[in-house]
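Q: Below is data39.cif; it holds mmCIF, C-alpha atoms.
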data_structure
loop_
_atom_site.label_atom_id
_atom_site.label_comp_id
_atom_site.auth_asym_id
_atom_site.auth_seq_id
_atom_site.Cartn_x
_atom_site.Cartn_y
_atom_site.Cartn_z
CA TYR S 10 -66.95 -55.48 15.16
CA SER S 11 -67.57 -51.72 15.39
CA ASP S 12 -64.71 -49.26 15.02
CA ILE S 13 -66.29 -47.04 17.67
CA ILE S 14 -64.59 -47.81 20.98
CA GLU S 15 -67.69 -47.27 23.15
CA ALA S 16 -69.86 -49.42 20.90
CA ARG S 17 -67.30 -52.22 20.86
CA THR S 18 -66.99 -52.07 24.66
CA CYS S 19 -70.76 -52.39 25.10
CA GLY S 20 -70.92 -55.20 22.53
CA ILE S 21 -68.24 -57.27 24.28
CA LYS S 22 -69.87 -56.70 27.69
CA ILE S 23 -73.29 -57.82 26.44
CA LEU S 24 -71.76 -60.83 24.69
CA TYR S 25 -69.94 -61.81 27.90
CA ILE S 26 -73.14 -61.53 29.97
CA ILE S 27 -75.07 -63.67 27.48
CA LEU S 28 -72.36 -66.34 27.32
CA SER S 29 -71.95 -66.38 31.11
CA ASP S 30 -75.62 -66.53 32.01
CA ARG S 31 -76.91 -68.64 29.11
CA PRO S 32 -74.56 -71.61 28.54
CA HIS S 33 -77.09 -73.21 26.17
CA LEU S 34 -76.67 -70.22 23.81
CA ARG S 35 -72.89 -70.55 23.51
CA LYS S 36 -72.96 -72.77 20.46
CA HIS S 37 -75.21 -70.28 18.69
CA ALA S 38 -73.26 -67.15 19.74
CA LEU S 39 -69.71 -68.50 19.49
CA ASN S 40 -67.96 -69.29 16.25
CA ARG S 41 -64.44 -69.37 14.87
CA LYS S 42 -64.74 -65.87 13.38
CA LEU S 43 -65.78 -64.39 16.74
CA MET S 44 -62.93 -66.12 18.60
CA ASP S 45 -60.43 -64.81 16.00
CA GLU S 46 -61.85 -61.32 16.47
CA MET S 47 -61.47 -61.60 20.26
CA PHE S 48 -57.82 -62.57 19.87
CA ARG S 49 -57.34 -59.55 17.58
CA ILE S 50 -59.07 -57.23 20.05
CA VAL S 51 -57.11 -58.56 23.03
CA LYS S 52 -53.95 -57.05 21.56
CA SER S 53 -55.46 -53.63 22.25
CA PRO S 54 -54.93 -52.47 25.87
CA ILE S 55 -58.38 -50.82 25.87
CA HIS S 56 -60.39 -54.03 25.47
CA ALA S 57 -57.85 -56.72 26.48
CA ASP S 58 -59.51 -57.62 29.78
CA LEU S 59 -63.02 -57.81 28.32
CA ALA S 60 -61.90 -59.85 25.32
CA LEU S 61 -60.04 -62.30 27.55
CA ASN S 62 -63.25 -62.89 29.52
CA VAL S 63 -65.00 -63.96 26.32
CA ILE S 64 -62.02 -66.07 25.24
CA GLU S 65 -62.07 -67.84 28.61
CA ILE S 66 -65.69 -68.87 28.05
CA GLY S 67 -64.91 -69.91 24.47
CA CYS S 68 -62.07 -72.15 25.68
CA GLN S 69 -64.62 -74.21 27.58
CA GLU S 70 -65.67 -75.61 24.19
CA PRO S 71 -63.23 -78.32 22.96
CA GLU S 72 -63.68 -77.35 19.29
CA TYR S 73 -61.72 -74.11 19.88
CA TRP S 74 -58.75 -75.62 21.73
CA ILE S 75 -56.56 -76.29 18.70
CA THR S 76 -56.70 -72.66 17.52
CA ALA S 77 -57.03 -70.92 20.89
CA ILE S 78 -54.16 -72.54 22.80
CA PRO S 79 -51.34 -71.37 20.43
CA GLU S 80 -52.82 -67.86 20.60
CA LEU S 81 -52.90 -67.98 24.41
CA ILE S 82 -49.26 -69.09 24.51
CA CYS S 83 -48.30 -66.12 22.32
CA LEU S 84 -50.35 -63.74 24.49
CA SER S 85 -48.59 -64.90 27.64
CA LYS S 86 -45.32 -63.53 26.27
CA LYS S 87 -46.64 -59.97 26.48
CA GLU S 88 -45.07 -57.88 29.22
CA ASP S 89 -48.48 -56.96 30.58
CA HIS S 90 -48.84 -58.67 33.98
CA GLY S 91 -52.63 -58.37 33.84
CA VAL S 92 -52.80 -60.27 30.54
CA GLN S 93 -50.22 -62.80 31.72
CA ARG S 94 -52.20 -63.46 34.88
CA LYS S 95 -55.46 -63.98 32.96
CA VAL S 96 -53.79 -66.28 30.44
CA ILE S 97 -52.03 -68.41 33.04
CA VAL S 98 -55.30 -68.79 34.99
CA MET S 99 -56.94 -70.08 31.79
CA MET S 100 -54.01 -72.41 31.14
CA SER S 101 -54.23 -73.85 34.67
CA LYS S 102 -57.90 -74.70 34.06
CA LEU S 103 -57.23 -76.17 30.61
CA CYS S 104 -54.36 -78.35 31.93
CA ARG S 105 -56.85 -80.29 34.04
CA ASN S 106 -58.40 -81.73 30.88
CA LYS S 107 -56.42 -84.65 29.46
CA GLY S 108 -57.17 -83.88 25.81
CA CYS S 109 -56.39 -80.22 26.20
CA ALA S 110 -53.21 -80.90 28.19
CA GLN S 111 -51.73 -82.78 25.24
CA ILE S 112 -52.43 -79.85 22.89
CA ILE S 113 -50.71 -77.49 25.36
CA VAL S 114 -47.60 -79.70 25.46
CA GLU S 115 -47.49 -80.08 21.66
CA ASN S 116 -47.64 -76.29 21.18
CA GLY S 117 -44.73 -75.46 23.46
CA GLY S 118 -46.78 -74.76 26.56
CA LEU S 119 -44.37 -76.72 28.74
CA SER S 120 -41.47 -74.30 28.37
CA LEU S 121 -43.88 -71.39 28.85
CA LEU S 122 -45.15 -72.79 32.17
CA VAL S 123 -41.61 -73.46 33.39
CA ASP S 124 -40.65 -69.84 32.63
CA MET S 125 -43.81 -68.58 34.37
CA ALA S 126 -43.00 -70.68 37.45
CA GLY S 127 -40.08 -68.34 38.07
CA HIS S 128 -42.19 -65.19 37.61
CA ASP S 129 -41.81 -62.33 40.09
CA ASN S 130 -45.59 -62.19 40.49
CA GLY S 131 -46.50 -64.83 43.08
CA GLU S 132 -49.98 -65.50 41.65
CA ILE S 133 -48.59 -66.14 38.15
CA ALA S 134 -45.90 -68.46 39.56
CA LEU S 135 -48.55 -70.28 41.61
CA HIS S 136 -50.82 -70.96 38.62
CA ALA S 137 -47.81 -72.07 36.55
CA ILE S 138 -46.68 -74.67 39.10
CA THR S 139 -50.30 -75.81 39.54
CA SER S 140 -50.56 -76.27 35.76
CA LEU S 141 -47.35 -78.33 35.69
CA SER S 142 -48.71 -80.42 38.55
CA SER S 143 -51.85 -81.13 36.49
CA LEU S 144 -49.77 -82.06 33.45
CA ALA S 145 -47.73 -84.47 35.62
CA THR S 146 -50.79 -86.70 36.03
CA GLY S 147 -50.33 -87.87 32.44
CA SER S 148 -48.02 -90.49 30.93
CA ASP S 149 -44.51 -91.20 32.16
CA GLU S 150 -43.15 -89.68 28.95
CA ARG S 151 -44.86 -86.38 29.74
CA ILE S 152 -43.58 -86.41 33.33
CA GLN S 153 -40.08 -87.05 31.99
CA ALA S 154 -40.48 -84.13 29.58
CA ILE S 155 -41.53 -81.86 32.46
CA PHE S 156 -38.60 -83.08 34.53
CA LYS S 157 -36.14 -82.31 31.72
CA SER S 158 -37.70 -78.94 30.91
CA GLY S 159 -35.69 -77.10 33.55
CA ILE S 160 -38.37 -76.94 36.25
CA MET S 161 -36.02 -78.42 38.87
CA VAL S 162 -33.91 -75.27 38.69
CA LYS S 163 -36.97 -73.28 39.83
CA VAL S 164 -38.13 -75.70 42.56
CA PRO S 165 -35.61 -74.68 45.29
CA ILE S 166 -36.59 -71.02 44.77
CA LEU S 167 -40.29 -71.85 44.97
CA LEU S 168 -39.73 -73.86 48.17
CA ASP S 169 -38.30 -70.70 49.73
CA HIS S 170 -41.36 -68.66 48.72
CA HIS S 171 -42.92 -67.40 51.96
CA LYS S 172 -45.72 -65.28 50.51
CA VAL S 173 -49.30 -66.51 50.60
CA CYS S 174 -51.11 -65.66 47.37
CA ILE S 175 -54.69 -64.48 47.51
CA ILE S 176 -56.62 -65.87 44.56
CA CYS S 177 -59.94 -64.15 43.95
CA THR S 178 -62.72 -66.26 42.49
CA SER S 179 -65.65 -64.31 41.15
CA LEU S 180 -69.37 -64.95 41.22
CA LEU S 181 -71.66 -63.05 38.89
CA CYS S 182 -75.02 -62.01 40.29
CA PHE S 183 -77.66 -61.15 37.72
CA GLN S 184 -80.59 -59.04 38.79
CA ASN S 185 -83.56 -57.59 36.92
CA ARG S 186 -83.16 -59.93 33.94
CA ASN S 187 -79.46 -59.18 33.36
CA LEU S 188 -79.86 -55.39 33.54
CA LEU S 189 -77.61 -55.17 36.58
CA VAL S 190 -74.45 -57.16 37.15
CA ASN S 191 -72.74 -57.32 40.53
CA ARG S 192 -69.43 -59.10 40.96
CA PHE S 193 -68.50 -60.58 44.31
CA CYS S 194 -64.94 -61.79 44.86
CA PHE S 195 -64.13 -64.58 47.26
CA PRO S 196 -60.45 -64.62 48.31
CA LEU S 197 -58.76 -68.02 48.58
CA LYS S 198 -55.36 -68.41 50.22
CA LYS S 199 -52.92 -70.51 48.22
CA ASN S 200 -49.50 -71.55 49.45
CA ILE S 201 -46.80 -71.74 46.78
CA ARG S 202 -44.64 -74.06 48.89
CA LYS S 203 -47.51 -76.53 49.24
CA GLU S 204 -48.32 -76.52 45.53
CA THR S 205 -44.63 -76.91 44.67
CA CYS S 206 -44.26 -79.91 46.98
CA ASN S 207 -47.42 -81.43 45.52
CA ALA S 208 -45.99 -81.02 42.01
CA LEU S 209 -42.63 -82.43 43.11
CA PHE S 210 -44.36 -85.52 44.50
CA LYS S 211 -45.99 -86.11 41.11
CA PHE S 212 -42.70 -85.53 39.27
CA ILE S 213 -40.88 -88.28 41.18
CA ASP S 214 -43.76 -90.75 41.31
CA GLY S 215 -42.73 -94.17 40.05
CA SER S 216 -39.22 -93.31 38.90
CA LEU S 217 -36.09 -94.19 40.87
CA GLU S 218 -34.04 -92.32 38.26
CA ARG S 219 -35.89 -89.04 38.88
CA ILE S 220 -35.70 -89.57 42.65
CA GLY S 221 -31.94 -90.04 42.34
CA CYS S 222 -31.59 -86.86 40.29
CA ILE S 223 -33.44 -84.83 42.92
CA MET S 224 -31.56 -86.48 45.76
CA PHE S 225 -28.02 -86.09 44.56
CA THR S 226 -27.86 -83.08 42.21
CA ASP S 227 -29.17 -80.03 44.09
CA THR S 228 -30.46 -78.69 47.41
CA THR S 229 -34.10 -79.62 46.81
CA MET S 230 -34.28 -82.44 49.36
CA GLU S 231 -32.50 -80.40 52.03
CA LYS S 232 -35.22 -77.77 51.63
CA VAL S 233 -38.01 -80.38 51.63
CA ILE S 234 -36.72 -81.93 54.86
CA HIS S 235 -36.28 -78.48 56.42
CA LEU S 236 -39.91 -77.61 55.56
CA LEU S 237 -41.07 -80.97 56.94
CA ASN S 238 -39.32 -80.17 60.20
CA SER S 239 -40.28 -76.54 60.69
CA ASP S 240 -42.80 -75.08 58.24
CA PRO S 241 -45.60 -73.24 60.08
CA CYS S 242 -48.20 -74.58 57.62
CA TRP S 243 -49.15 -78.21 58.31
CA LEU S 244 -50.42 -78.66 54.75
CA VAL S 245 -46.89 -77.96 53.51
CA ARG S 246 -45.45 -80.45 56.00
CA MET S 247 -47.96 -83.06 54.84
CA GLU S 248 -46.81 -82.68 51.23
CA CYS S 249 -43.16 -82.85 52.30
CA LEU S 250 -43.83 -86.03 54.27
CA LYS S 251 -45.42 -87.61 51.18
CA ILE S 252 -42.24 -86.90 49.21
CA VAL S 253 -39.95 -88.32 51.91
CA TRP S 254 -42.15 -91.40 52.37
CA LYS S 255 -42.26 -91.99 48.61
CA MET S 256 -38.47 -92.13 48.59
CA ILE S 257 -38.25 -94.35 51.66
CA GLU S 258 -40.91 -96.65 50.23
CA THR S 259 -38.56 -97.56 47.38
CA GLY S 260 -36.52 -99.56 49.92
CA HIS S 261 -33.27 -98.37 48.34
CA ARG S 262 -30.76 -98.54 51.18
CA TYR S 263 -28.39 -95.80 49.98
CA LEU S 264 -31.32 -93.50 49.32
CA ILE S 265 -32.71 -94.02 52.82
CA MET S 266 -29.28 -93.58 54.39
CA SER S 267 -28.84 -90.34 52.47
CA LEU S 268 -32.21 -89.10 53.74
CA VAL S 269 -31.16 -89.94 57.30
CA ASP S 270 -27.90 -88.03 56.83
CA ARG S 271 -29.94 -85.00 55.73
CA GLY S 272 -31.98 -85.06 58.96
CA SER S 273 -35.08 -86.98 57.93
CA ILE S 274 -35.39 -88.84 61.28
CA GLU S 275 -35.72 -85.60 63.23
CA ALA S 276 -38.10 -84.17 60.63
CA ILE S 277 -40.36 -87.24 60.63
CA CYS S 278 -40.46 -87.34 64.43
CA SER S 279 -41.57 -83.69 64.42
CA VAL S 280 -44.83 -84.60 62.63
CA VAL S 281 -45.53 -88.08 64.00
CA VAL S 282 -47.99 -86.66 66.55
CA CYS S 283 -50.64 -84.66 64.72
CA SER S 284 -54.39 -84.49 64.22
CA ASP S 285 -54.29 -86.19 60.81
CA GLU S 286 -54.35 -89.99 61.17
CA ASP S 287 -53.06 -90.60 57.63
CA MET S 288 -50.12 -88.30 58.26
CA THR S 289 -49.32 -90.07 61.53
CA MET S 290 -49.46 -93.51 59.89
CA MET S 291 -47.23 -92.32 57.05
CA ALA S 292 -44.68 -91.01 59.55
CA LEU S 293 -44.80 -94.26 61.56
CA ASN S 294 -44.29 -96.35 58.42
CA ALA S 295 -41.35 -94.16 57.43
CA LEU S 296 -39.77 -94.55 60.88
CA GLU S 297 -40.27 -98.32 60.75
CA SER S 298 -38.45 -98.58 57.41
CA ILE S 299 -35.57 -96.42 58.69
CA LEU S 300 -35.23 -98.37 61.95
CA LYS S 301 -35.33 -101.68 60.08
CA LEU S 302 -32.49 -100.49 57.84
CA GLY S 303 -30.60 -99.27 60.91
CA ILE S 304 -30.48 -102.82 62.30
CA ALA S 305 -29.43 -104.29 58.96
CA GLU S 306 -26.66 -101.70 58.49
CA ILE S 307 -25.50 -101.79 62.14
CA SER S 308 -26.42 -98.08 62.41
CA ASP S 309 -27.77 -96.63 65.62
CA TYR S 310 -30.83 -94.95 64.12
CA ALA S 311 -32.89 -95.85 67.21
CA THR S 312 -30.68 -93.59 69.33
CA ARG S 313 -31.33 -90.68 66.98
CA VAL S 314 -35.06 -91.27 67.30
CA PHE S 315 -34.70 -91.27 71.09
CA GLU S 316 -32.57 -88.10 71.09
CA CYS S 317 -35.19 -86.10 69.19
CA GLU S 318 -37.93 -87.26 71.61
CA GLY S 319 -39.33 -89.69 69.08
CA THR S 320 -39.65 -92.45 71.67
CA ALA S 321 -41.72 -90.24 73.97
CA LYS S 322 -44.01 -89.41 71.05
CA LEU S 323 -44.42 -93.10 70.22
CA GLU S 324 -45.42 -93.76 73.82
CA LEU S 325 -47.95 -90.94 73.57
CA LEU S 326 -49.40 -92.50 70.42
CA GLN S 327 -50.24 -95.64 72.38
CA GLU S 328 -53.18 -93.64 73.69
CA HIS S 329 -54.34 -92.70 70.20
CA LYS S 330 -58.01 -93.23 69.38
CA SER S 331 -57.12 -95.11 66.18
CA GLU S 332 -56.35 -98.78 66.70
CA ASN S 333 -54.05 -98.81 63.65
CA VAL S 334 -51.93 -95.99 65.07
CA TYR S 335 -51.89 -97.59 68.53
CA ARG S 336 -50.78 -100.99 67.19
CA LYS S 337 -48.08 -99.49 64.96
CA ALA S 338 -46.65 -97.32 67.75
CA LYS S 339 -46.67 -100.21 70.22
CA ASN S 340 -44.99 -102.51 67.71
CA LEU S 341 -42.20 -99.98 67.08
CA ILE S 342 -41.53 -99.51 70.78
CA THR S 343 -41.50 -103.28 71.43
CA LYS S 344 -39.30 -104.07 68.46
CA TYR S 345 -36.76 -101.26 68.55
CA PHE S 346 -36.82 -99.54 71.97
CA SER S 347 -37.49 -102.23 74.61
CA GLU S 348 -34.74 -103.93 76.64
CA SER S 349 -34.95 -107.07 74.51
CA ALA S 350 -34.50 -104.97 71.37
CA GLU S 351 -31.36 -103.38 72.87
CA ASN S 352 -29.96 -106.81 73.74
CA ASP S 353 -30.65 -108.07 70.21
CA GLY S 354 -28.85 -105.05 68.82
CA ASN S 355 -25.81 -105.64 71.05
CA ASP S 356 -25.70 -109.31 70.02
CA ILE S 357 -25.68 -108.34 66.35
CA PHE S 358 -22.90 -105.82 66.96
CA GLU S 359 -20.78 -108.38 68.86
CA ARG S 360 -21.25 -111.00 66.11
CA PHE S 361 -20.20 -108.39 63.56
CA GLN S 362 -17.00 -107.62 65.55
CA ASN S 363 -16.13 -111.30 65.90
CA LEU S 364 -16.32 -111.98 62.16
CA ASP S 365 -13.04 -113.16 60.66
CA LEU S 366 -12.81 -110.64 57.81
#
Go ahead and render the structure in this file as structure tokens.
A:
Amino acid sequence: YSDIIEARTCGIKILYIILSDRPHLRKHALNRKLMDEMFRIVKSPIHADLALNVIEIGCQEPEYWITAIPELICLSKKEDHGVQRKVIVMMSKLCRNKGCAQIIVENGGLSLLVDMAGHDNGEIALHAITSLSSLATGSDERIQAIFKSGIMVKVPILLDHHKVCIICTSLLCFQNRNLLVNRFCFPLKKNIRKETCNALFKFIDGSLERIGCIMFTDTTMEKVIHLLNSDPCWLVRMECLKIVWKMIETGHRYLIMSLVDRGSIEAICSVVVCSDEDMTMMALNALESILKLGIAEISDYATRVFECEGTAKLELLQEHKSENVYRKAKNLITKYFSESAENDGNDIFERFQNLDL
């Protein structure tokens, strides 16, 4: 609490070291008065970074959430990118806790995170979309609130984000009984497109209404299908496939037909042969649902699969080491691409033409 800048700096550093290295002392060292003082100090550019380190440790204690979270939301509105980055990192950690997530939503954190998702700084945008993804694991009411908060306006922009953010995680090394502190940073690559697709999957989960809004109101699905077909990162393509399969799984015929019109057959065929068995099975199940609808709607979806070399890939999958993949691929070829399947399709088409309408 000293007015001398150097003394205050040393005091905060020592306090941070004690709280970091001695978790069992936190309850004795931390109190409401100290947390209030840290939030007062953080407004000063001289000690903002140090004070935020202490606040981050304090926020690990549930008893300080109710008072700390509104303060963090106010701090995030500062035009200091360093402070904003620190705050949004803390928020992304807090959002993973169910009890804390509700406090964040009740204090207006939702609109803050949506605004941050459109931030020019890629790391801030990444943590914001990750936080929203964590919040989307809650109740359907909360997911609906996120969906209506304006996040869908930001999603197409985030899907076009081609920068890879380097997130540095730090490890404190204490030597000579805390007299020397060395910080080692371990860079982690995070893909904004992947995290956005993961969040989008959670937003649409279990709601045909939300799926319909995404499908028919903006360019989001065109971008998702484009990424599924051509993104250089397979993790992004995996997340895109999960979104497309979730929509196909609904069995809604107009929804599936709309996906086909947007190029989903070609996109799914582009990932059907890959090293991930779950991804391959998901793609095969999606193709099966589309081909089944093609027969029911007298649409030649099988020809589109053949034209994008999907049939050749299915034949290749008959040599797959997984019996499930082998059986599924063989079943699709037998049912939709063999000579008997073609004859069945022609018979259906002829019966349709001969109907007295």
Q: When you look at range 277-291 of chain S with a cut-off of 9 Å (counting only C-alpha atoms), what residues show up, excluding the ones that are within fewer than 4 positions of it in the same chain? I need them as a ChimeraX atom specification.
A: /S:234,237-239,243,246-247,250-251,253-254,272-273,295-296,314,317-320,322-323,325-326,331,333-334,337
Q: Write out as a ChimeraX atom specification the residues lying within 7 Å of range 95-103 of chain S, counting all atoms listed in the file and excluding same-chain residues fewer than 3 positions away.
A: /S:65,81,85,91-92,106,109-110,133,136-137,139-140
Q: Taking only C-alpha atoms into account, which of S:Pro71, S:Ile342, S:Glu46, S:Lys22 comes nearest Asp58 in chain S?
A: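 Of S:Pro71, S:Ile342, S:Glu46, S:Lys22, the one nearest Asp58 in chain S is S:Lys22, counting only C-alpha atoms.
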Q: Can you spell out as a count of residues only the set of residues that the PyMOL selection byres ((chain S and resi 18) around 12) selects in the structure I just provided?
A: 25
Q: Would you mind reading off the distance between CA of Arg151 in chain S and CA of Glu132 in chain S, one decimal, in Å?
A: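 Distance between the two atoms: 24.6 Å.
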Q: List the spatial neighbours of Leu122 in chain S as a PyMOL selection string - criterion: any atom at most 7 Å away, only C-alpha atoms, same-chain residues fewer than 3 positions off excluded.
A: chain S and resi 118-119+125-126+137+141
Q: Write the selection just made, keeping C-alpha atoms, as a compact mmCIF listing (two decimals), in the frame of the given file?
A:
# COMPACT_ATOMS: atom_id res chain seq x y z
CA GLY S 118 -46.78 -74.76 26.56
CA LEU S 119 -44.37 -76.72 28.74
CA MET S 125 -43.81 -68.58 34.37
CA ALA S 126 -43.00 -70.68 37.45
CA ALA S 137 -47.81 -72.07 36.55
CA LEU S 141 -47.35 -78.33 35.69
Q: Taking only C-alpha atoms into account, name the residue in S:Asp45, S:Glu115, S:Glu70, S:Glu80 that is nearest to Pro32 in chain S.
A: S:Glu70
Q: Expressed in Å to a single decimal, how great is the separation between CA of Lys86 in chain S and CA of Asp169 in chain S?
A: 25.5 Å
Q: Measuring between only C-alpha atoms, which one of S:Ala145, S:Ile155, S:Leu39, S:Val245 shows the shortest distance to His171 in chain S?
A: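 The answer is S:Val245, which sits nearest to His171 in chain S.
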Q: What's around Ile220 in chain S at 10 Å? Count all atoms listed in the file, leave out sequence neighbours fewer than 6 positions away in its own chain, and write the answer as number ranges by chain.
A: S: 209-210, 212-214, 230, 252, 255-256, 259, 264
Q: Could you tell me how far CA of Cys206 in chain S lies from CA of Leu268 in chain S, in Å and to one decimal?
A: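 These atoms are spaced 16.6 Å apart.
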Q: Apply the PyMOL selection byres ((chain S and resi 308) around 12) to the displayed file and report the matching residues as a ChimeraX atom specification.
A: /S:266,269-270,299-307,309-313,354-355,357-358
Q: Can I get the selected residues back with C-alpha atoms, as a PDB file, keeping the file's coordinate frame?
A:
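To be explicit, this is the file written out as part28.pdb:
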ATOM      1  CA  MET S 266     -29.280 -93.580  54.390  1.00  0.00           C
ATOM      2  CA  VAL S 269     -31.160 -89.940  57.300  1.00  0.00           C
ATOM      3  CA  ASP S 270     -27.900 -88.030  56.830  1.00  0.00           C
ATOM      4  CA  ILE S 299     -35.570 -96.420  58.690  1.00  0.00           C
ATOM      5  CA  LEU S 300     -35.230 -98.370  61.950  1.00  0.00           C
ATOM      6  CA  LYS S 301     -35.330-101.680  60.080  1.00  0.00           C
ATOM      7  CA  LEU S 302     -32.490-100.490  57.840  1.00  0.00           C
ATOM      8  CA  GLY S 303     -30.600 -99.270  60.910  1.00  0.00           C
ATOM      9  CA  ILE S 304     -30.480-102.820  62.300  1.00  0.00           C
ATOM     10  CA  ALA S 305     -29.430-104.290  58.960  1.00  0.00           C
ATOM     11  CA  GLU S 306     -26.660-101.700  58.490  1.00  0.00           C
ATOM     12  CA  ILE S 307     -25.500-101.790  62.140  1.00  0.00           C
ATOM     13  CA  ASP S 309     -27.770 -96.630  65.620  1.00  0.00           C
ATOM     14  CA  TYR S 310     -30.830 -94.950  64.120  1.00  0.00           C
ATOM     15  CA  ALA S 311     -32.890 -95.850  67.210  1.00  0.00           C
ATOM     16  CA  THR S 312     -30.680 -93.590  69.330  1.00  0.00           C
ATOM     17  CA  ARG S 313     -31.330 -90.680  66.980  1.00  0.00           C
ATOM     18  CA  GLY S 354     -28.850-105.050  68.820  1.00  0.00           C
ATOM     19  CA  ASN S 355     -25.810-105.640  71.050  1.00  0.00           C
ATOM     20  CA  ILE S 357     -25.680-108.340  66.350  1.00  0.00           C
ATOM     21  CA  PHE S 358     -22.900-105.820  66.960  1.00  0.00           C
TER      22      PHE S 358
END
Q: Could you name the residues that touch Tyr73 in chain S at 10 Å or less, counting only C-alpha atoms, but leaving out those on the same chain fewer than 2 positions away, as a list in words?
A: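 Selected residues are Leu39, Asn40, Arg41, Met44, Ile64, Gly67, Cys68, Gln69, Glu70, Pro71, Ile75, Thr76, Ala77 and Ile78 of chain S.
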